$ cat my_file-v2.txt   # compact mmCIF, C-alpha atoms
# COMPACT_ATOMS: atom_id res chain seq x y z
CA MET A 1 4.19 26.02 4.03
CA ASN A 2 2.43 24.58 7.09
CA THR A 3 0.53 21.49 5.97
CA GLY A 4 -0.96 20.74 9.38
CA ASN A 5 -0.75 17.51 11.33
CA VAL A 6 0.10 14.39 9.29
CA LYS A 7 0.23 10.81 10.55
CA VAL A 8 1.23 7.85 8.35
CA THR A 9 0.26 4.30 9.31
CA GLY A 10 0.24 0.93 7.63
CA LEU A 11 3.30 1.46 5.43
CA ASP A 12 3.65 -1.68 3.29
CA THR A 13 7.10 -2.01 1.71
CA ALA A 14 6.80 -5.71 0.86
CA THR A 15 3.72 -6.20 -1.34
CA LEU A 16 4.60 -4.00 -4.32
CA PRO A 17 8.19 -5.31 -4.77
CA ALA A 18 6.91 -8.89 -4.52
CA ASP A 19 4.27 -8.14 -7.17
CA LEU A 20 6.88 -6.46 -9.40
CA LEU A 21 9.37 -9.36 -9.17
CA THR A 22 8.18 -11.19 -12.31
CA THR A 23 8.11 -7.96 -14.33
CA ALA A 24 11.57 -6.99 -13.07
CA LYS A 25 13.02 -10.42 -13.92
CA THR A 26 11.64 -10.09 -17.46
CA HIS A 27 13.10 -6.59 -17.72
CA LEU A 28 16.48 -7.85 -16.45
CA ARG A 29 16.32 -11.01 -18.60
CA VAL A 30 16.77 -13.21 -15.55
CA GLU A 31 15.41 -16.73 -16.00
CA PHE A 32 16.53 -18.32 -12.72
CA ASN A 33 15.28 -17.94 -9.14
CA ARG A 34 18.48 -17.76 -7.09
CA ASP A 35 18.58 -13.93 -7.28
CA ASP A 36 14.91 -13.38 -6.41
CA ALA A 37 15.64 -12.09 -2.91
CA TYR A 38 18.29 -9.70 -4.22
CA ILE A 39 16.04 -8.43 -7.02
CA THR A 40 13.20 -7.88 -4.53
CA GLN A 41 15.56 -5.89 -2.33
CA ALA A 42 16.70 -3.87 -5.36
CA LEU A 43 13.04 -3.17 -6.17
CA GLN A 44 12.47 -1.89 -2.62
CA ARG A 45 15.48 0.41 -2.92
CA ALA A 46 14.37 1.58 -6.37
CA ILE A 47 10.88 2.39 -5.12
CA ASN A 48 12.38 4.30 -2.19
CA LEU A 49 14.47 6.35 -4.63
CA TYR A 50 11.42 6.97 -6.83
CA GLU A 51 9.51 8.27 -3.80
CA GLN A 52 12.40 10.46 -2.64
CA PHE A 53 13.04 12.12 -5.97
CA THR A 54 9.48 12.51 -7.29
CA GLY A 55 7.64 13.27 -4.06
CA ARG A 56 4.98 10.71 -5.01
CA SER A 57 4.06 7.62 -3.05
CA ALA A 58 4.48 4.15 -4.52
CA PHE A 59 4.37 2.03 -1.37
CA VAL A 60 0.85 1.74 0.02
CA ARG A 61 0.26 3.68 3.22
CA ASN A 62 -2.64 5.17 5.13
CA VAL A 63 -2.55 8.90 5.78
CA GLN A 64 -4.41 10.84 8.48
CA TRP A 65 -4.18 14.56 7.86
CA GLN A 66 -5.57 17.49 9.77
CA PRO A 67 -4.75 20.53 7.64
CA VAL A 68 -4.67 24.16 8.69
CA PRO A 69 -8.20 25.59 8.35
CA PHE A 70 -7.40 27.65 5.26
CA PRO A 71 -7.11 28.08 2.22
CA PRO A 72 -9.90 26.25 0.30
CA LEU A 73 -7.32 24.38 -1.84
CA GLN A 74 -4.38 22.55 -0.25
CA PRO A 75 -1.81 20.12 -1.66
CA ALA A 76 -2.14 16.61 -0.24
CA PRO A 77 0.95 15.79 1.84
CA PHE A 78 1.24 12.33 0.20
CA GLN A 79 0.20 11.73 -3.39
CA PRO A 80 -1.66 10.12 -5.18
CA VAL A 81 -4.88 10.21 -3.12
CA THR A 82 -7.44 7.37 -3.11
CA ASP A 83 -10.36 6.51 -0.85
CA LEU A 84 -10.66 10.02 0.67
CA VAL A 85 -12.78 10.30 3.82
CA ALA A 86 -13.31 13.66 5.57
CA THR A 87 -14.55 13.95 9.14
CA ASP A 88 -15.52 16.95 11.24
CA PRO A 89 -14.32 17.42 14.85
CA ALA A 90 -17.38 15.52 16.17
CA GLY A 91 -16.51 12.51 13.97
CA GLY A 92 -19.25 13.14 11.40
CA ASP A 93 -18.66 12.27 7.74
CA VAL A 94 -18.24 15.45 5.67
CA THR A 95 -16.59 13.82 2.64
CA ASN A 96 -19.27 15.27 0.32
CA GLN A 97 -17.96 18.79 1.08
CA TYR A 98 -14.48 18.07 -0.34
CA GLN A 99 -12.96 16.91 -3.61
CA VAL A 100 -9.64 15.63 -4.92
CA LEU A 101 -8.21 17.69 -7.78
CA ASP A 102 -5.35 16.68 -10.06
CA ARG A 103 -3.76 19.85 -11.38
CA GLY A 104 -1.07 18.85 -13.83
CA GLY A 105 0.07 15.94 -11.70
CA ALA A 106 -0.01 17.73 -8.34
CA VAL A 107 -2.90 16.48 -6.22
CA TYR A 108 -4.93 18.89 -4.12
CA ILE A 109 -7.80 18.50 -1.71
CA ALA A 110 -10.32 21.32 -2.04
CA THR A 111 -13.74 22.34 -0.88
CA ILE A 112 -16.46 21.54 -3.42
CA ASP A 113 -17.23 25.21 -4.11
CA GLY A 114 -13.55 26.19 -4.19
CA VAL A 115 -14.22 29.26 -2.04
CA THR A 116 -15.15 28.05 1.44
CA THR A 117 -12.13 27.47 3.66
CA PHE A 118 -11.45 24.11 5.30
CA GLY A 119 -13.47 23.73 8.48
CA ASP A 120 -11.55 24.13 11.72
CA GLY A 121 -10.69 20.64 12.99
CA VAL A 122 -11.66 18.77 9.81
CA SER A 123 -9.44 15.77 9.17
CA PHE A 124 -8.87 13.58 6.16
CA GLY A 125 -8.03 9.92 5.89
CA TYR A 126 -6.90 8.39 2.64
CA LYS A 127 -4.73 5.75 1.03
CA THR A 128 -1.81 6.51 -1.19
CA GLY A 129 0.52 4.37 -3.27
CA PHE A 130 -0.01 1.28 -5.40
CA ALA A 131 -0.88 -2.20 -4.17
CA THR A 132 0.01 -3.91 -7.45
CA ALA A 133 2.16 -3.31 -10.50
CA ALA A 134 -1.01 -2.99 -12.60
CA GLU A 135 -1.99 0.13 -10.62
CA MET A 136 1.32 1.92 -11.25
CA PRO A 137 1.48 4.50 -14.01
CA LEU A 138 3.72 3.24 -16.82
CA GLY A 139 6.16 6.13 -16.37
CA ALA A 140 6.63 5.31 -12.68
CA LEU A 141 7.02 1.61 -13.47
CA ASP A 142 9.64 2.42 -16.11
CA ILE A 143 11.66 4.52 -13.64
CA VAL A 144 11.52 1.83 -10.95
CA LEU A 145 12.58 -0.89 -13.40
CA ARG A 146 15.48 1.19 -14.74
CA ILE A 147 16.75 1.97 -11.23
CA THR A 148 16.38 -1.72 -10.32
CA ALA A 149 18.37 -2.71 -13.40
CA GLY A 150 21.14 -0.31 -12.42
CA LEU A 151 21.25 -1.69 -8.89
CA TYR A 152 21.17 -5.30 -10.08
CA GLU A 153 23.80 -4.93 -12.77
CA THR A 154 26.30 -2.92 -10.71
CA ARG A 155 25.68 -4.77 -7.44
CA GLU A 156 27.72 -2.26 -5.48
CA HIS A 157 26.94 -1.84 -1.85
CA GLN A 158 25.37 1.57 -1.35
CA THR A 159 24.03 2.39 2.07
CA PHE A 160 23.20 6.02 1.26
CA VAL A 161 22.19 7.20 -2.19
CA THR A 162 22.26 10.81 -3.32
CA MET A 163 21.45 12.36 -6.67
CA GLU A 164 25.19 12.51 -7.37
CA MET A 165 25.33 8.69 -7.21
CA VAL A 166 22.48 8.23 -9.67
CA SER A 167 23.59 8.11 -13.29
CA PHE A 168 23.08 11.28 -15.32
CA TRP A 169 20.53 9.78 -17.70
CA LEU A 170 18.45 8.69 -14.73
CA GLN A 171 18.65 12.15 -13.15
CA ASP A 172 17.32 13.58 -16.40
CA LEU A 173 14.58 10.98 -16.49
CA ILE A 174 13.46 11.64 -12.91
CA VAL A 175 13.83 15.39 -12.50
CA GLY A 176 14.97 16.74 -15.86
CA ALA A 177 12.86 19.42 -17.49
CA GLY A 178 10.28 19.15 -14.71
CA TRP A 179 9.01 15.83 -16.06
CA ILE A 180 7.19 13.61 -13.60
CA PRO A 181 5.38 10.51 -14.85
CA ARG A 182 1.59 10.65 -14.84
CA ALA A 183 -1.05 8.04 -15.41
$ encode --input "my_file-v2.txt" --output "structure tokens"
Amino acid sequence: MNTGNVKVTGLDTATLPADLLTTAKTHLRVEFNRDDAYITQALQRAINLYEQFTGRSAFVRNVQWQPVPFPPLQPAPFQPVTDLVATDPAGGDVTNQYQVLDRGGAVYIATIDGVTTFGDGVSFGYKTGFATAAEMPLGALDIVLRITAGLYETREHQTFVTMEMVSFWLQDLIVGAGWIPRA
């Protein structure tokens, strides 16, 4: 499916792991500080895996998207969607003509009436991801903490991770039975 032109800016891979450090240390039962840098790195890797395998954003990023002019309902290329702003080709604000719909966890951007196609040249700007641990859905937080625990406890050097390298229980948790955590 052609999603149009997508540009990602402002990817922040440091803030969320730093905010999750205290929670991760509690989850890991770590009471000392000498492994903080390693745990933060494990959190970054765990969040990357979460994003890869769920197709949902956790790291905060800004998205500029110019979709194809049709149909009236299109999946957002990065999800979840917050702070949506729509502009027409002349730069005018047309945000009031569009809405964000959550259909069973998949996020779509649609015209308000659901019938009119996207205007030719309309573009959308929005934020995606979570700035703090408090913003993360509990299911996503649980997955990230479990992956982090696996990385911390095994401490093996893995430069490339595939689904075959992830333990079977974690595969089931992430992609088994079509389950994806929702808020």
$ closest_residue --input "my_file-v2.txt" --among "A:Asp120, A:Asp93, A:Asp19, A:Asp12" --to "Glu135 in chain A" --atoms "all atoms listed in the file"
A:Asp19
$ closest_residue --input "my_file-v2.txt" --among "A:Val122, A:Ala134, A:Ile39, A:Val144" --to "Gln64 in chain A" --atoms "only C-alpha atoms"
A:Val122
$ residues_around --input "my_file-v2.txt" --residues "Gln74 in chain A" --least-positions-apart "4" --cutoff "10 Å" --atoms "all atoms listed in the file" --output "list in words"
Thr3, Pro67, Val68, Pro69, Phe70, Val100, Leu101, Val107, Tyr108, Ile109, Ala110, Thr111, Thr117 and Phe118 of chain A
$ residues_around --input "my_file-v2.txt" --residues "Ala42 in chain A" --least-positions-apart "3" --cutoff "12 Å" --atoms "all atoms listed in the file" --output "ChimeraX atom specification"
/A:14,17-18,20-21,24-25,28,35-39,45-49,144-158
$ closest_residue --input "my_file-v2.txt" --among "A:Tyr126, A:Tyr50, A:Phe59, A:Trp65" --to "Asp142 in chain A" --atoms "all atoms listed in the file"
A:Tyr50
$ atom_distance --input "my_file-v2.txt" --atom1 "CA of Gly55 in chain A" --atom2 "CA of Gly119 in chain A"
26.7 Å
$ atom_distance --input "my_file-v2.txt" --atom1 "CA of Tyr98 in chain A" --atom2 "CA of Gln52 in chain A"
28.0 Å
$ atom_distance --input "my_file-v2.txt" --atom1 "CA of Asn62 in chain A" --atom2 "CA of Gly92 in chain A"
19.5 Å
$ closest_residue --input "my_file-v2.txt" --among "A:Lys127, A:Val6, A:Met136, A:Val63" --to "Asp83 in chain A" --atoms "all atoms listed in the file"
A:Lys127
$ closest_residue --input "my_file-v2.txt" --among "A:Gln99, A:Ala58, A:Thr23, A:Phe130" --to "Pro72 in chain A" --atoms "only C-alpha atoms"
A:Gln99
$ closest_residue --input "my_file-v2.txt" --among "A:Thr26, A:Pro80, A:Leu43, A:Gln66" --to "Gly129 in chain A" --atoms "all atoms listed in the file"
A:Pro80
$ residues_around --input "my_file-v2.txt" --residues "Thr128 in chain A" --least-positions-apart "5" --cutoff "7 Å" --atoms "all atoms listed in the file" --output "PyMOL selection string"
chain A and resi 57+60-62+78-82
$ decode --input "my_file-v2.txt" --residues "range 62-84 of chain A" --atoms "N, CA and C atoms" --output "tab-separated table (two decimals), in the first residue's frame"
chain	number	residue	atom	x	y	z
A	62	ASN	N	8.67	13.25	15.72
A	62	ASN	CA	7.74	14.09	14.97
A	62	ASN	C	7.59	13.49	13.58
A	63	VAL	N	6.37	13.45	13.09
A	63	VAL	CA	6.10	12.86	11.78
A	63	VAL	C	5.45	13.92	10.89
A	64	GLN	N	5.96	14.07	9.69
A	64	GLN	CA	5.34	14.87	8.64
A	64	GLN	C	4.91	13.88	7.57
A	65	TRP	N	3.62	13.90	7.23
A	65	TRP	CA	3.09	12.91	6.31
A	65	TRP	C	2.21	13.57	5.27
A	66	GLN	N	2.51	13.32	4.03
A	66	GLN	CA	1.65	13.76	2.94
A	66	GLN	C	1.11	12.51	2.26
A	67	PRO	N	-0.11	12.12	2.62
A	67	PRO	CA	-0.66	10.87	2.10
A	67	PRO	C	-1.13	11.00	0.65
A	68	VAL	N	-1.39	9.86	0.03
A	68	VAL	CA	-2.04	9.89	-1.29
A	68	VAL	C	-3.42	10.49	-1.10
A	69	PRO	N	-3.99	11.14	-2.12
A	69	PRO	CA	-5.24	11.88	-1.91
A	69	PRO	C	-6.49	11.03	-1.66
A	70	PHE	N	-6.40	9.76	-1.66
A	70	PHE	CA	-7.55	8.92	-1.39
A	70	PHE	C	-7.08	7.69	-0.64
A	71	PRO	N	-7.85	6.91	0.03
A	71	PRO	CA	-9.27	7.01	0.34
A	71	PRO	C	-9.52	7.94	1.53
A	72	PRO	N	-10.77	8.04	2.02
A	72	PRO	CA	-11.07	8.95	3.14
A	72	PRO	C	-10.60	8.45	4.50
A	73	LEU	N	-10.06	7.22	4.57
A	73	LEU	CA	-9.58	6.63	5.82
A	73	LEU	C	-8.24	5.97	5.52
A	74	GLN	N	-7.17	6.42	6.20
A	74	GLN	CA	-5.85	5.87	5.92
A	74	GLN	C	-5.13	5.58	7.23
A	75	PRO	N	-4.41	4.45	7.29
A	75	PRO	CA	-3.66	4.15	8.52
A	75	PRO	C	-2.49	5.13	8.68
A	76	ALA	N	-2.29	5.61	9.89
A	76	ALA	CA	-1.17	6.51	10.16
A	76	ALA	C	0.12	5.70	10.04
A	77	PRO	N	1.14	6.24	9.37
A	77	PRO	CA	2.37	5.47	9.18
A	77	PRO	C	3.12	5.19	10.48
A	78	PHE	N	2.98	6.04	11.49
A	78	PHE	CA	3.56	5.81	12.82
A	78	PHE	C	2.44	5.99	13.82
A	79	GLN	N	2.37	5.07	14.78
A	79	GLN	CA	1.28	5.08	15.74
A	79	GLN	C	1.84	4.95	17.14
A	80	PRO	N	1.24	5.50	18.15
A	80	PRO	CA	0.01	6.26	18.24
A	80	PRO	C	0.17	7.69	17.71
A	81	VAL	N	-0.94	8.38	17.51
A	81	VAL	CA	-0.95	9.73	16.96
A	81	VAL	C	-1.40	10.71	18.04
A	82	THR	N	-0.60	11.76	18.28
A	82	THR	CA	-1.00	12.84	19.18
A	82	THR	C	-0.68	14.16	18.52
A	83	ASP	N	-1.37	15.19	18.91
A	83	ASP	CA	-1.14	16.56	18.45
A	83	ASP	C	-1.21	16.66	16.92
A	84	LEU	N	-2.27	16.13	16.31
A	84	LEU	CA	-2.43	16.15	14.86
A	84	LEU	C	-2.71	17.57	14.37
